[in-house]
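To be precise, the following lines are my_file-v4.txt, and they hold compact mmCIF, C-alpha atoms and all ligand atoms.
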# COMPACT_ATOMS: atom_id res chain seq x y z
CA MET R 1 101.89 103.39 84.15
CA MET R 2 101.07 101.42 87.30
CA MET R 3 97.27 101.75 86.92
CA LYS R 4 96.96 101.30 83.17
CA GLY R 5 93.66 99.63 82.26
CA LYS R 6 92.25 99.94 85.79
CA LYS R 7 88.86 101.52 86.44
CA GLY R 8 87.58 102.72 89.78
CA ILE R 9 85.31 104.94 91.79
CA ILE R 10 86.37 107.64 94.25
CA LEU R 11 83.85 108.80 96.87
CA GLY R 12 84.61 111.91 98.90
CA VAL R 13 86.03 114.60 96.64
CA ALA R 14 84.70 117.90 97.99
CA ASN R 15 87.20 120.17 96.22
CA ASN R 16 90.80 120.18 94.97
CA LYS R 17 92.11 120.27 98.56
CA SER R 18 90.45 116.92 99.36
CA ILE R 19 92.62 113.88 100.08
CA ALA R 20 90.42 112.01 97.57
CA TYR R 21 91.50 114.49 94.88
CA GLY R 22 95.17 113.69 95.60
CA ILE R 23 94.45 109.98 95.21
CA ALA R 24 92.37 110.51 92.04
CA LYS R 25 95.11 112.59 90.44
CA GLN R 26 97.88 110.08 91.10
CA CYS R 27 95.72 107.17 89.87
CA SER R 28 94.79 109.09 86.74
CA GLU R 29 98.42 110.04 86.05
CA GLN R 30 99.27 106.34 86.27
CA GLY R 31 96.70 105.49 83.58
CA ALA R 32 93.53 104.70 85.58
CA THR R 33 89.99 105.65 84.57
CA VAL R 34 88.51 107.37 87.60
CA ALA R 35 84.81 107.92 88.31
CA PHE R 36 83.59 110.37 90.96
CA THR R 37 80.65 110.90 93.28
CA TYR R 38 79.38 114.10 94.85
CA LEU R 39 77.43 114.56 98.06
CA ASN R 40 75.02 117.31 96.97
CA ASP R 41 74.40 119.89 94.26
CA SER R 42 76.71 122.51 95.71
CA LEU R 43 79.60 120.01 95.78
CA LYS R 44 78.64 118.80 92.28
CA LYS R 45 79.85 122.17 90.98
CA ARG R 46 83.26 121.52 92.58
CA VAL R 47 83.56 117.89 91.51
CA GLU R 48 82.63 118.40 87.85
CA PRO R 49 85.67 120.54 86.93
CA ILE R 50 87.93 118.01 88.71
CA ALA R 51 86.39 115.17 86.70
CA LYS R 52 86.94 117.21 83.54
CA GLU R 53 90.57 117.85 84.45
CA LEU R 54 91.08 114.08 84.74
CA SER R 55 89.11 113.27 81.54
CA SER R 56 86.21 111.77 83.50
CA GLU R 57 83.46 114.29 82.71
CA SER R 58 80.98 111.53 81.84
CA LEU R 59 81.72 109.61 85.05
CA VAL R 60 80.25 111.82 87.80
CA TYR R 61 77.40 110.47 89.94
CA PRO R 62 75.37 111.60 92.96
CA CYS R 63 75.95 109.61 96.15
CA ASP R 64 75.03 110.68 99.64
CA VAL R 65 76.04 107.59 101.60
CA SER R 66 73.25 108.19 104.13
CA ASN R 67 70.82 107.38 101.30
CA GLU R 68 70.61 103.64 100.49
CA GLU R 69 68.93 104.29 97.16
CA GLU R 70 71.79 106.50 95.95
CA ILE R 71 74.34 103.78 96.72
CA LYS R 72 72.26 101.21 94.83
CA ASN R 73 71.88 103.61 91.89
CA LEU R 74 75.63 104.20 91.90
CA MET R 75 76.20 100.48 91.30
CA ILE R 76 73.72 100.50 88.39
CA SER R 77 75.38 103.57 86.80
CA LEU R 78 78.90 102.16 87.20
CA LYS R 79 77.85 98.81 85.72
CA ARG R 80 76.37 100.63 82.73
CA ASP R 81 79.32 102.99 82.19
CA LEU R 82 82.36 100.95 83.29
CA GLY R 83 81.25 97.32 83.48
CA GLU R 84 83.65 96.14 86.17
CA ILE R 85 85.62 98.19 88.70
CA ASP R 86 89.14 97.48 89.99
CA PHE R 87 89.26 99.94 92.88
CA VAL R 88 87.08 101.85 95.33
CA VAL R 89 88.20 104.83 97.44
CA HIS R 90 86.05 105.73 100.46
CA SER R 91 87.25 109.14 101.63
CA ILE R 92 84.21 110.17 103.64
CA ALA R 93 83.66 111.24 107.21
CA PHE R 94 81.19 113.42 109.05
CA SER R 95 80.46 114.35 112.63
CA PRO R 96 77.92 116.86 113.93
CA LYS R 97 79.61 119.82 115.62
CA ASP R 98 79.10 118.59 119.21
CA GLY R 99 81.26 115.59 118.31
CA LEU R 100 84.30 117.75 117.58
CA THR R 101 84.14 120.48 120.22
CA GLY R 102 83.35 120.68 123.92
CA ARG R 103 83.46 117.85 126.40
CA PHE R 104 83.58 114.26 125.17
CA SER R 105 81.09 113.19 127.86
CA ASP R 106 78.50 115.63 126.46
CA ILE R 107 78.30 113.99 123.01
CA GLY R 108 74.68 113.25 122.18
CA LYS R 109 73.30 109.86 121.11
CA LYS R 110 71.97 111.24 117.84
CA SER R 111 75.35 112.75 116.89
CA PHE R 112 77.08 109.49 117.79
CA GLY R 113 74.76 107.56 115.46
CA ILE R 114 75.20 110.02 112.58
CA ALA R 115 79.02 109.99 112.80
CA MET R 116 79.17 106.19 112.91
CA ASP R 117 76.67 105.86 110.07
CA ILE R 118 78.40 108.27 107.65
CA SER R 119 82.01 107.61 108.64
CA VAL R 120 81.98 103.84 109.29
CA TYR R 121 78.87 101.94 108.23
CA SER R 122 79.00 103.56 104.79
CA LEU R 123 82.20 101.63 104.04
CA ILE R 124 80.44 98.31 104.67
CA GLU R 125 77.41 99.34 102.64
CA VAL R 126 79.38 100.73 99.69
CA VAL R 127 81.53 97.60 99.53
CA ARG R 128 78.50 95.29 99.72
CA GLU R 129 76.51 97.17 97.08
CA LEU R 130 79.42 97.52 94.65
CA LYS R 131 80.68 93.97 95.13
CA PRO R 132 78.72 92.54 92.16
CA ILE R 133 80.77 94.71 89.79
CA MET R 134 84.15 94.36 91.54
CA SER R 135 86.85 92.60 89.52
CA ASP R 136 88.48 89.58 91.14
CA ASN R 137 91.51 91.55 92.32
CA CYS R 138 89.68 94.71 93.33
CA SER R 139 91.29 96.98 95.94
CA VAL R 140 89.31 99.06 98.45
CA LEU R 141 90.86 101.97 100.34
CA THR R 142 89.55 104.17 103.15
CA LEU R 143 91.05 107.06 105.14
CA SER R 144 91.73 107.06 108.86
CA TYR R 145 93.56 109.20 111.40
CA TYR R 146 95.75 108.54 114.47
CA GLY R 147 92.98 109.96 116.67
CA GLY R 148 91.34 106.53 116.28
CA VAL R 149 94.27 104.92 118.10
CA LYS R 150 95.36 107.52 120.67
CA TYR R 151 93.79 110.60 122.25
CA ILE R 152 94.02 113.73 120.08
CA PRO R 153 92.59 117.04 121.38
CA ASN R 154 89.11 117.84 120.00
CA TYR R 155 89.03 114.81 117.67
CA ASN R 156 86.58 113.30 120.16
CA LEU R 157 83.72 111.50 118.39
CA MET R 158 85.67 111.15 115.15
CA GLY R 159 88.35 109.28 117.15
CA VAL R 160 85.76 106.69 118.16
CA ALA R 161 84.54 106.51 114.55
CA LYS R 162 88.08 106.01 113.20
CA ALA R 163 88.73 103.22 115.74
CA ALA R 164 85.60 101.49 114.44
CA LEU R 165 86.60 102.19 110.85
CA GLU R 166 90.03 100.60 111.32
CA MET R 167 88.48 97.42 112.73
CA THR R 168 85.92 97.47 109.92
CA VAL R 169 88.84 97.42 107.47
CA LYS R 170 90.24 94.31 109.15
CA TYR R 171 86.96 92.39 109.31
CA LEU R 172 86.11 93.33 105.71
CA ALA R 173 89.59 92.28 104.59
CA GLU R 174 89.10 88.82 106.06
CA ASP R 175 85.55 88.49 104.78
CA LEU R 176 86.38 89.53 101.21
CA GLY R 177 89.81 87.91 100.98
CA GLU R 178 88.34 84.72 99.55
CA ASP R 179 86.92 86.81 96.69
CA GLY R 180 90.35 88.30 95.96
CA ILE R 181 89.23 91.72 97.21
CA ARG R 182 91.74 93.67 99.32
CA VAL R 183 90.70 96.29 101.91
CA ASN R 184 93.19 98.75 103.42
CA ALA R 185 93.30 102.14 105.11
CA ILE R 186 95.71 105.02 105.01
CA SER R 187 96.10 106.83 108.31
CA ALA R 188 97.09 110.26 107.07
CA GLY R 189 98.74 113.06 109.00
CA PRO R 190 96.68 116.25 109.39
CA ILE R 191 95.98 118.19 106.18
CA LYS R 192 94.05 121.45 105.89
CA THR R 193 90.86 120.39 104.05
CA LEU R 194 87.16 121.28 104.32
CA ALA R 195 86.54 118.44 106.77
CA ALA R 196 89.55 119.46 108.89
CA ALA R 197 88.11 122.97 109.25
CA GLY R 198 85.47 121.48 111.56
CA ILE R 199 88.07 120.29 114.09
CA GLY R 200 88.81 122.70 116.96
CA GLU R 201 92.40 124.11 117.12
CA PHE R 202 93.36 122.37 113.87
CA LYS R 203 96.25 124.79 113.30
CA PHE R 204 97.77 123.66 116.60
CA MET R 205 97.56 120.03 115.37
CA LEU R 206 99.32 120.98 112.14
CA ASN R 207 102.10 122.83 113.97
CA TRP R 208 102.52 120.05 116.53
CA ASN R 209 102.77 117.33 113.88
CA GLU R 210 105.16 119.31 111.75
CA LYS R 211 107.54 120.07 114.60
CA HIS R 212 107.38 116.68 116.33
CA SER R 213 107.28 114.17 113.46
CA PRO R 214 110.56 112.42 112.56
CA LEU R 215 110.50 114.00 109.09
CA LYS R 216 109.69 117.46 110.55
CA LYS R 217 106.98 118.19 108.03
CA ASN R 218 103.27 117.87 107.34
CA VAL R 219 102.04 115.60 104.60
CA THR R 220 100.48 116.70 101.31
CA THR R 221 97.52 115.28 99.40
CA THR R 222 99.99 114.32 96.64
CA GLN R 223 101.98 112.20 99.10
CA VAL R 224 98.82 110.52 100.41
CA GLY R 225 97.75 110.14 96.77
CA ASN R 226 100.94 108.32 95.87
CA SER R 227 100.64 105.90 98.79
CA GLY R 228 96.96 105.45 97.96
CA MET R 229 97.80 104.66 94.37
CA TYR R 230 100.24 101.97 95.58
CA LEU R 231 97.51 100.38 97.74
CA LEU R 232 95.07 100.43 94.82
CA SER R 233 97.57 99.00 92.35
CA ASP R 234 98.88 95.46 91.83
CA LEU R 235 102.11 96.55 93.58
CA SER R 236 100.29 95.87 96.87
CA GLY R 237 98.78 92.59 95.66
CA ALA R 238 99.58 90.76 98.92
CA VAL R 239 98.60 93.61 101.28
CA THR R 240 95.19 93.60 102.97
CA GLY R 241 93.69 94.63 106.30
CA GLU R 242 96.53 97.10 106.70
CA ILE R 243 96.44 100.54 108.34
CA HIS R 244 99.24 102.27 106.49
CA TYR R 245 100.56 105.46 108.10
CA VAL R 246 101.32 108.35 105.78
CA ASP R 247 102.11 110.87 108.51
CA ALA R 248 105.80 111.82 108.25
CA GLY R 249 106.37 109.14 110.91
CA TYR R 250 104.45 110.96 113.67
CA ASN R 251 102.79 107.77 114.98
CA ILE R 252 106.08 106.26 116.17
CA MET R 253 106.70 109.06 118.69
CA GLY R 254 105.96 108.30 122.35
CA MET R 255 107.09 111.79 123.42
CA PRO R 256 108.41 114.85 121.57
CA ALA R 257 112.17 114.66 120.97
CA VAL R 258 114.21 116.79 123.37
CA LYS R 259 117.00 119.03 122.07
CA LEU R 260 119.45 121.32 123.84
CA ASP R 261 118.99 125.05 123.18
CA GLU R 262 121.90 127.54 122.92
CA ASN R 263 122.07 127.75 126.75
CA GLY R 264 122.34 123.98 127.06
CA LYS R 265 118.77 123.78 128.39
CA GLN R 266 116.55 120.88 127.35
CA THR R 267 113.70 121.99 125.13
CA ILE R 268 111.08 120.62 122.72
CA ALA R 269 110.58 121.97 119.22
CA TYR R 270 107.05 123.33 119.82
CA ASN R 271 105.08 123.68 123.02
CA GLY R 272 101.88 125.05 121.49
CA GLU R 273 102.69 128.74 121.97
CA LYS R 274 101.09 130.87 119.28
O1 LIG R 301 93.67 116.04 108.24
C1 LIG R 301 92.87 115.53 107.47
N1 LIG R 301 92.23 116.26 106.58
C2 LIG R 301 92.65 114.05 107.53
C3 LIG R 301 91.53 113.49 106.98
C4 LIG R 301 93.66 113.23 108.23
C5 LIG R 301 93.38 111.83 108.22
C6 LIG R 301 92.23 111.33 107.68
N2 LIG R 301 91.33 112.15 107.07
C7 LIG R 301 90.13 111.55 106.50
C8 LIG R 301 88.80 112.15 106.86
O2 LIG R 301 88.37 111.79 108.17
C9 LIG R 301 87.92 111.56 105.78
O3 LIG R 301 87.59 110.23 106.11
O4 LIG R 301 90.18 111.63 105.11
C10 LIG R 301 88.86 111.55 104.58
C11 LIG R 301 88.68 112.69 103.60
O5 LIG R 301 88.69 113.90 104.28
P1 LIG R 301 89.33 115.25 103.72
O6 LIG R 301 89.86 115.06 102.38
O7 LIG R 301 90.15 115.80 104.80
O8 LIG R 301 88.05 116.22 103.70
P2 LIG R 301 87.04 116.73 102.58
O9 LIG R 301 87.75 117.30 101.42
O10 LIG R 301 86.09 117.67 103.29
O11 LIG R 301 86.27 115.43 102.15
C12 LIG R 301 85.40 114.73 102.99
C13 LIG R 301 84.10 114.59 102.27
C14 LIG R 301 82.99 115.61 102.49
O12 LIG R 301 83.28 116.84 102.45
P3 LIG R 301 82.45 117.90 103.41
O13 LIG R 301 83.53 118.81 103.78
O14 LIG R 301 81.42 118.44 102.51
O15 LIG R 301 81.87 117.19 104.61
O16 LIG R 301 83.32 113.52 102.68
C15 LIG R 301 82.12 113.64 101.94
C16 LIG R 301 81.98 115.06 101.50
O17 LIG R 301 82.26 115.21 100.16
N3 LIG R 301 80.93 113.33 102.70
C17 LIG R 301 79.98 112.54 102.18
N4 LIG R 301 79.93 111.89 101.00
C18 LIG R 301 78.80 111.17 100.76
N5 LIG R 301 77.80 111.07 101.63
C19 LIG R 301 78.97 112.49 103.15
C20 LIG R 301 77.83 111.73 102.82
N6 LIG R 301 76.78 111.62 103.65
N7 LIG R 301 79.33 113.27 104.20
C21 LIG R 301 80.53 113.77 103.91
Output the file's structure as structure tokens, nothing else.
Amino acid sequence: MMMKGKKGIILGVANNKSIAYGIAKQCSEQGATVAFTYLNDSLKKRVEPIAKELSSESLVYPCDVSNEEEIKNLMISLKRDLGEIDFVVHSIAFSPKDGLTGRFSDIGKKSFGIAMDISVYSLIEVVRELKPIMSDNCSVLTLSYYGGVKYIPNYNLMGVAKAALEMTVKYLAEDLGEDGIRVNAISAGPIKTLAAAGIGEFKFMLNWNEKHSPLKKNVTTTQVGNSGMYLLSDLSGAVTGEIHYVDAGYNIMGMPAVKLDENGKQTIAYNGEK
């Protein structure tokens, strides 16, 4: 029981396909008490059964991270119900549609601001507001994607947001290190979730990653959950400011591997043909 006695909050469960659900489940199985937030009333209906499944039915709180008051109220509720917290998972991102389709140069200023606010600034704000109740070896985890490091088709504005998020992790890690608080990110391979449905040609991304990653597979929320649990546990007590890839190794590839087909002709595993 790697998380026995630990208490934490997970922001960003939309349903049981969410990466945050995978992390919550693994933490709970390892003995943690997990509290949840929901974005709005329609998602509340999805989050409540998940909280019940993980014996957290009394630990479900509203929190739209674009609303300062809701973040402040979250701290008050957690202090009342849990006292201290040992981990925080920020599994939240949002971009208006014009940030994920069409030409990059057409992205509007308003969309840019919204994506950066919800997907990046919210990490800083959540950490700052919850800091008074963080234990002195608290671990914070957020979720990133390789599109913040290299060009990925259609990831567009979210790529810029993830680049900013990854640097935010590093600056926060340094800032909070003296308080014993660790801040890390998992850069996960593509997974079919609600948020992923907004990305153009997502199926192509899934196929491409599966065929061209060293492990020749896509990752699951359980696998991301296990790595997340490690980063939230004392097993990673000397790890901070890290962007940890959980992507079947895809990020190490500079080009797709070339194989010989039955005619001795050089070929790649997948060229995007449907
Ligand atoms: O392939 C993927 N699915 C990957 C996702 C690969 C690598 C990284 N990620 C990241 C995402 O960018 C995000 O940061 O993982 C994180 C979680 O995403 P997810 O699990 O793929 O998607 P989902 O289940 O939709 O959870 C994201 C949730 C929102 O869901 P919807 O679909 O309703 O936008 O983020 C939450 C919301 O629950 N969210 C908010 N929460 C509070 N306040 C807000 C907000 N303003 N906006 C979105």
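Between atom CA of Leu206 of chain R and atom CA of Ser91 of chain R there is a distance of 19.9 Å.
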Need the axis-aligned box for segment 73-88 of chain R with 4 Å each side, so what are the centre and edges in Å to one decimal, as AutoDock Vina command-line options?
--center_x 80.6 --center_y 100.2 --center_z 88.8 --size_x 25.4 --size_y 16.1 --size_z 21.1
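For the set R:Met167, R:Leu194, R:Ile50, R:Ala35, the residue with the smallest atom-to-atom gap to ligand LIG 301 (chain R) is R:Leu194, counting only C-alpha atoms and all ligand atoms.
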What's around Trp208 of chain R at 10 Å? Count only C-alpha atoms, leave out sequence neighbours fewer than 3 positions away in its own chain, and write the answer as an mmCIF file with C-alpha atoms, keeping the file's coordinate frame.
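What ended up in part-v8.cif:
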data_model
loop_
_atom_site.group_PDB
_atom_site.id
_atom_site.type_symbol
_atom_site.label_atom_id
_atom_site.label_comp_id
_atom_site.auth_asym_id
_atom_site.auth_seq_id
_atom_site.Cartn_x
_atom_site.Cartn_y
_atom_site.Cartn_z
ATOM 1 C CA PRO R 190 96.680 116.250 109.390
ATOM 2 C CA PHE R 202 93.360 122.370 113.870
ATOM 3 C CA LYS R 203 96.250 124.790 113.300
ATOM 4 C CA PHE R 204 97.770 123.660 116.600
ATOM 5 C CA MET R 205 97.560 120.030 115.370
ATOM 6 C CA LYS R 211 107.540 120.070 114.600
ATOM 7 C CA HIS R 212 107.380 116.680 116.330
ATOM 8 C CA SER R 213 107.280 114.170 113.460
ATOM 9 C CA LYS R 216 109.690 117.460 110.550
ATOM 10 C CA LYS R 217 106.980 118.190 108.030
ATOM 11 C CA ASN R 218 103.270 117.870 107.340
ATOM 12 C CA TYR R 250 104.450 110.960 113.670
ATOM 13 C CA PRO R 256 108.410 114.850 121.570
ATOM 14 C CA ALA R 269 110.580 121.970 119.220
ATOM 15 C CA TYR R 270 107.050 123.330 119.820
ATOM 16 C CA ASN R 271 105.080 123.680 123.020
ATOM 17 C CA GLY R 272 101.880 125.050 121.490
#
Seminar exercise, completed: Of R:Met134, R:Ala238, R:Ile199, R:Val258, the one sitting nearest ligand LIG 301 (chain R) when using all atoms listed in the file is R:Ile199
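Nearest to ligand LIG 301 (chain R) of all the residues R:Val60, R:Val47, R:Ala196, R:Ala24 is R:Ala196, based on all atoms listed in the file.
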Could you name the residues that touch Lys259 of chain R at 7 Å or less, counting only C-alpha atoms, but leaving out those on the same chain fewer than 5 positions away, as a short mmCIF file (atom, residue, chain, number, x, y, z; two decimals) with C-alpha atoms, in the coordinates of the input?
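Output contents, as saved in selection.cif:
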data_model
loop_
_atom_site.label_atom_id
_atom_site.label_comp_id
_atom_site.auth_asym_id
_atom_site.auth_seq_id
_atom_site.Cartn_x
_atom_site.Cartn_y
_atom_site.Cartn_z
CA GLN R 266 116.55 120.88 127.35
CA THR R 267 113.70 121.99 125.13
CA ILE R 268 111.08 120.62 122.72
#
Could you complete segment 129-162 of chain R so that it carries N, CA and C atoms, and give it back as a PDB file, in the frame of the given file?
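Resulting contents of out01.pdb:
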ATOM      1  N   GLU R 129      77.325  96.836  98.254  1.00  0.00           N
ATOM      2  CA  GLU R 129      76.510  97.170  97.080  1.00  0.00           C
ATOM      3  C   GLU R 129      77.327  97.148  95.779  1.00  0.00           C
ATOM      4  N   LEU R 130      78.608  97.493  95.874  1.00  0.00           N
ATOM      5  CA  LEU R 130      79.420  97.520  94.650  1.00  0.00           C
ATOM      6  C   LEU R 130      80.083  96.179  94.344  1.00  0.00           C
ATOM      7  N   LYS R 131      79.984  95.251  95.287  1.00  0.00           N
ATOM      8  CA  LYS R 131      80.680  93.970  95.130  1.00  0.00           C
ATOM      9  C   LYS R 131      80.312  93.242  93.834  1.00  0.00           C
ATOM     10  N   PRO R 132      79.048  93.263  93.404  1.00  0.00           N
ATOM     11  CA  PRO R 132      78.720  92.540  92.160  1.00  0.00           C
ATOM     12  C   PRO R 132      79.511  93.009  90.945  1.00  0.00           C
ATOM     13  N   ILE R 133      80.022  94.237  90.965  1.00  0.00           N
ATOM     14  CA  ILE R 133      80.770  94.710  89.790  1.00  0.00           C
ATOM     15  C   ILE R 133      82.282  94.816  90.070  1.00  0.00           C
ATOM     16  N   MET R 134      82.709  94.299  91.245  1.00  0.00           N
ATOM     17  CA  MET R 134      84.150  94.360  91.540  1.00  0.00           C
ATOM     18  C   MET R 134      84.892  93.266  90.789  1.00  0.00           C
ATOM     19  N   SER R 135      86.041  93.606  90.210  1.00  0.00           N
ATOM     20  CA  SER R 135      86.850  92.600  89.520  1.00  0.00           C
ATOM     21  C   SER R 135      87.467  91.670  90.568  1.00  0.00           C
ATOM     22  N   ASP R 136      88.035  90.562  90.134  1.00  0.00           N
ATOM     23  CA  ASP R 136      88.480  89.580  91.140  1.00  0.00           C
ATOM     24  C   ASP R 136      89.829  89.907  91.763  1.00  0.00           C
ATOM     25  N   ASN R 137      90.419  91.077  91.458  1.00  0.00           N
ATOM     26  CA  ASN R 137      91.510  91.550  92.320  1.00  0.00           C
ATOM     27  C   ASN R 137      91.313  93.034  92.666  1.00  0.00           C
ATOM     28  N   CYS R 138      90.054  93.319  93.018  1.00  0.00           N
ATOM     29  CA  CYS R 138      89.680  94.710  93.330  1.00  0.00           C
ATOM     30  C   CYS R 138      90.327  95.151  94.654  1.00  0.00           C
ATOM     31  N   SER R 139      90.683  96.422  94.725  1.00  0.00           N
ATOM     32  CA  SER R 139      91.290  96.980  95.940  1.00  0.00           C
ATOM     33  C   SER R 139      90.422  98.106  96.484  1.00  0.00           C
ATOM     34  N   VAL R 140      90.142  98.042  97.789  1.00  0.00           N
ATOM     35  CA  VAL R 140      89.310  99.060  98.450  1.00  0.00           C
ATOM     36  C   VAL R 140      90.197  99.814  99.439  1.00  0.00           C
ATOM     37  N   LEU R 141      90.039 101.137  99.453  1.00  0.00           N
ATOM     38  CA  LEU R 141      90.860 101.970 100.340  1.00  0.00           C
ATOM     39  C   LEU R 141      89.990 102.971 101.073  1.00  0.00           C
ATOM     40  N   THR R 142      90.221 103.118 102.393  1.00  0.00           N
ATOM     41  CA  THR R 142      89.550 104.170 103.150  1.00  0.00           C
ATOM     42  C   THR R 142      90.587 105.018 103.881  1.00  0.00           C
ATOM     43  N   LEU R 143      90.132 106.108 104.490  1.00  0.00           N
ATOM     44  CA  LEU R 143      91.050 107.060 105.140  1.00  0.00           C
ATOM     45  C   LEU R 143      90.791 107.124 106.632  1.00  0.00           C
ATOM     46  N   SER R 144      91.867 106.977 107.406  1.00  0.00           N
ATOM     47  CA  SER R 144      91.730 107.060 108.860  1.00  0.00           C
ATOM     48  C   SER R 144      92.676 108.121 109.405  1.00  0.00           C
ATOM     49  N   TYR R 145      92.662 108.250 110.735  1.00  0.00           N
ATOM     50  CA  TYR R 145      93.560 109.200 111.400  1.00  0.00           C
ATOM     51  C   TYR R 145      93.965 108.634 112.763  1.00  0.00           C
ATOM     52  N   TYR R 146      95.151 109.007 113.217  1.00  0.00           N
ATOM     53  CA  TYR R 146      95.750 108.540 114.470  1.00  0.00           C
ATOM     54  C   TYR R 146      94.854 108.760 115.695  1.00  0.00           C
ATOM     55  N   GLY R 147      93.939 109.716 115.590  1.00  0.00           N
ATOM     56  CA  GLY R 147      92.980 109.960 116.670  1.00  0.00           C
ATOM     57  C   GLY R 147      92.051 108.772 116.921  1.00  0.00           C
ATOM     58  N   GLY R 148      92.102 107.764 116.057  1.00  0.00           N
ATOM     59  CA  GLY R 148      91.340 106.530 116.280  1.00  0.00           C
ATOM     60  C   GLY R 148      92.134 105.514 117.083  1.00  0.00           C
ATOM     61  N   VAL R 149      93.393 105.840 117.361  1.00  0.00           N
ATOM     62  CA  VAL R 149      94.270 104.920 118.100  1.00  0.00           C
ATOM     63  C   VAL R 149      94.665 105.522 119.450  1.00  0.00           C
ATOM     64  N   LYS R 150      94.972 106.799 119.449  1.00  0.00           N
ATOM     65  CA  LYS R 150      95.360 107.520 120.670  1.00  0.00           C
ATOM     66  C   LYS R 150      94.551 108.807 120.789  1.00  0.00           C
ATOM     67  N   TYR R 151      94.498 109.336 122.014  1.00  0.00           N
ATOM     68  CA  TYR R 151      93.790 110.600 122.250  1.00  0.00           C
ATOM     69  C   TYR R 151      94.428 111.747 121.456  1.00  0.00           C
ATOM     70  N   ILE R 152      93.585 112.498 120.757  1.00  0.00           N
ATOM     71  CA  ILE R 152      94.020 113.730 120.080  1.00  0.00           C
ATOM     72  C   ILE R 152      93.029 114.826 120.483  1.00  0.00           C
ATOM     73  N   PRO R 153      93.509 115.992 120.920  1.00  0.00           N
ATOM     74  CA  PRO R 153      92.590 117.040 121.380  1.00  0.00           C
ATOM     75  C   PRO R 153      91.511 117.359 120.347  1.00  0.00           C
ATOM     76  N   ASN R 154      90.288 117.452 120.803  1.00  0.00           N
ATOM     77  CA  ASN R 154      89.110 117.840 120.000  1.00  0.00           C
ATOM     78  C   ASN R 154      88.672 116.824 118.940  1.00  0.00           C
ATOM     79  N   TYR R 155      89.427 115.769 118.711  1.00  0.00           N
ATOM     80  CA  TYR R 155      89.030 114.810 117.670  1.00  0.00           C
ATOM     81  C   TYR R 155      87.843 113.959 118.145  1.00  0.00           C
ATOM     82  N   ASN R 156      87.707 113.898 119.437  1.00  0.00           N
ATOM     83  CA  ASN R 156      86.580 113.300 120.160  1.00  0.00           C
ATOM     84  C   ASN R 156      85.772 112.201 119.435  1.00  0.00           C
ATOM     85  N   LEU R 157      84.594 112.520 118.971  1.00  0.00           N
ATOM     86  CA  LEU R 157      83.720 111.500 118.390  1.00  0.00           C
ATOM     87  C   LEU R 157      84.335 110.877 117.132  1.00  0.00           C
ATOM     88  N   MET R 158      85.063 111.688 116.378  1.00  0.00           N
ATOM     89  CA  MET R 158      85.670 111.150 115.150  1.00  0.00           C
ATOM     90  C   MET R 158      86.753 110.125 115.514  1.00  0.00           C
ATOM     91  N   GLY R 159      87.374 110.273 116.677  1.00  0.00           N
ATOM     92  CA  GLY R 159      88.350 109.280 117.150  1.00  0.00           C
ATOM     93  C   GLY R 159      87.684 107.924 117.340  1.00  0.00           C
ATOM     94  N   VAL R 160      86.503 107.940 117.945  1.00  0.00           N
ATOM     95  CA  VAL R 160      85.760 106.690 118.160  1.00  0.00           C
ATOM     96  C   VAL R 160      85.359 106.098 116.800  1.00  0.00           C
ATOM     97  N   ALA R 161      84.944 106.980 115.883  1.00  0.00           N
ATOM     98  CA  ALA R 161      84.540 106.510 114.550  1.00  0.00           C
ATOM     99  C   ALA R 161      85.740 105.910 113.803  1.00  0.00           C
ATOM    100  N   LYS R 162      86.905 106.534 113.925  1.00  0.00           N
ATOM    101  CA  LYS R 162      88.080 106.010 113.200  1.00  0.00           C
ATOM    102  C   LYS R 162      88.540 104.666 113.795  1.00  0.00           C
TER     103      LYS R 162
END
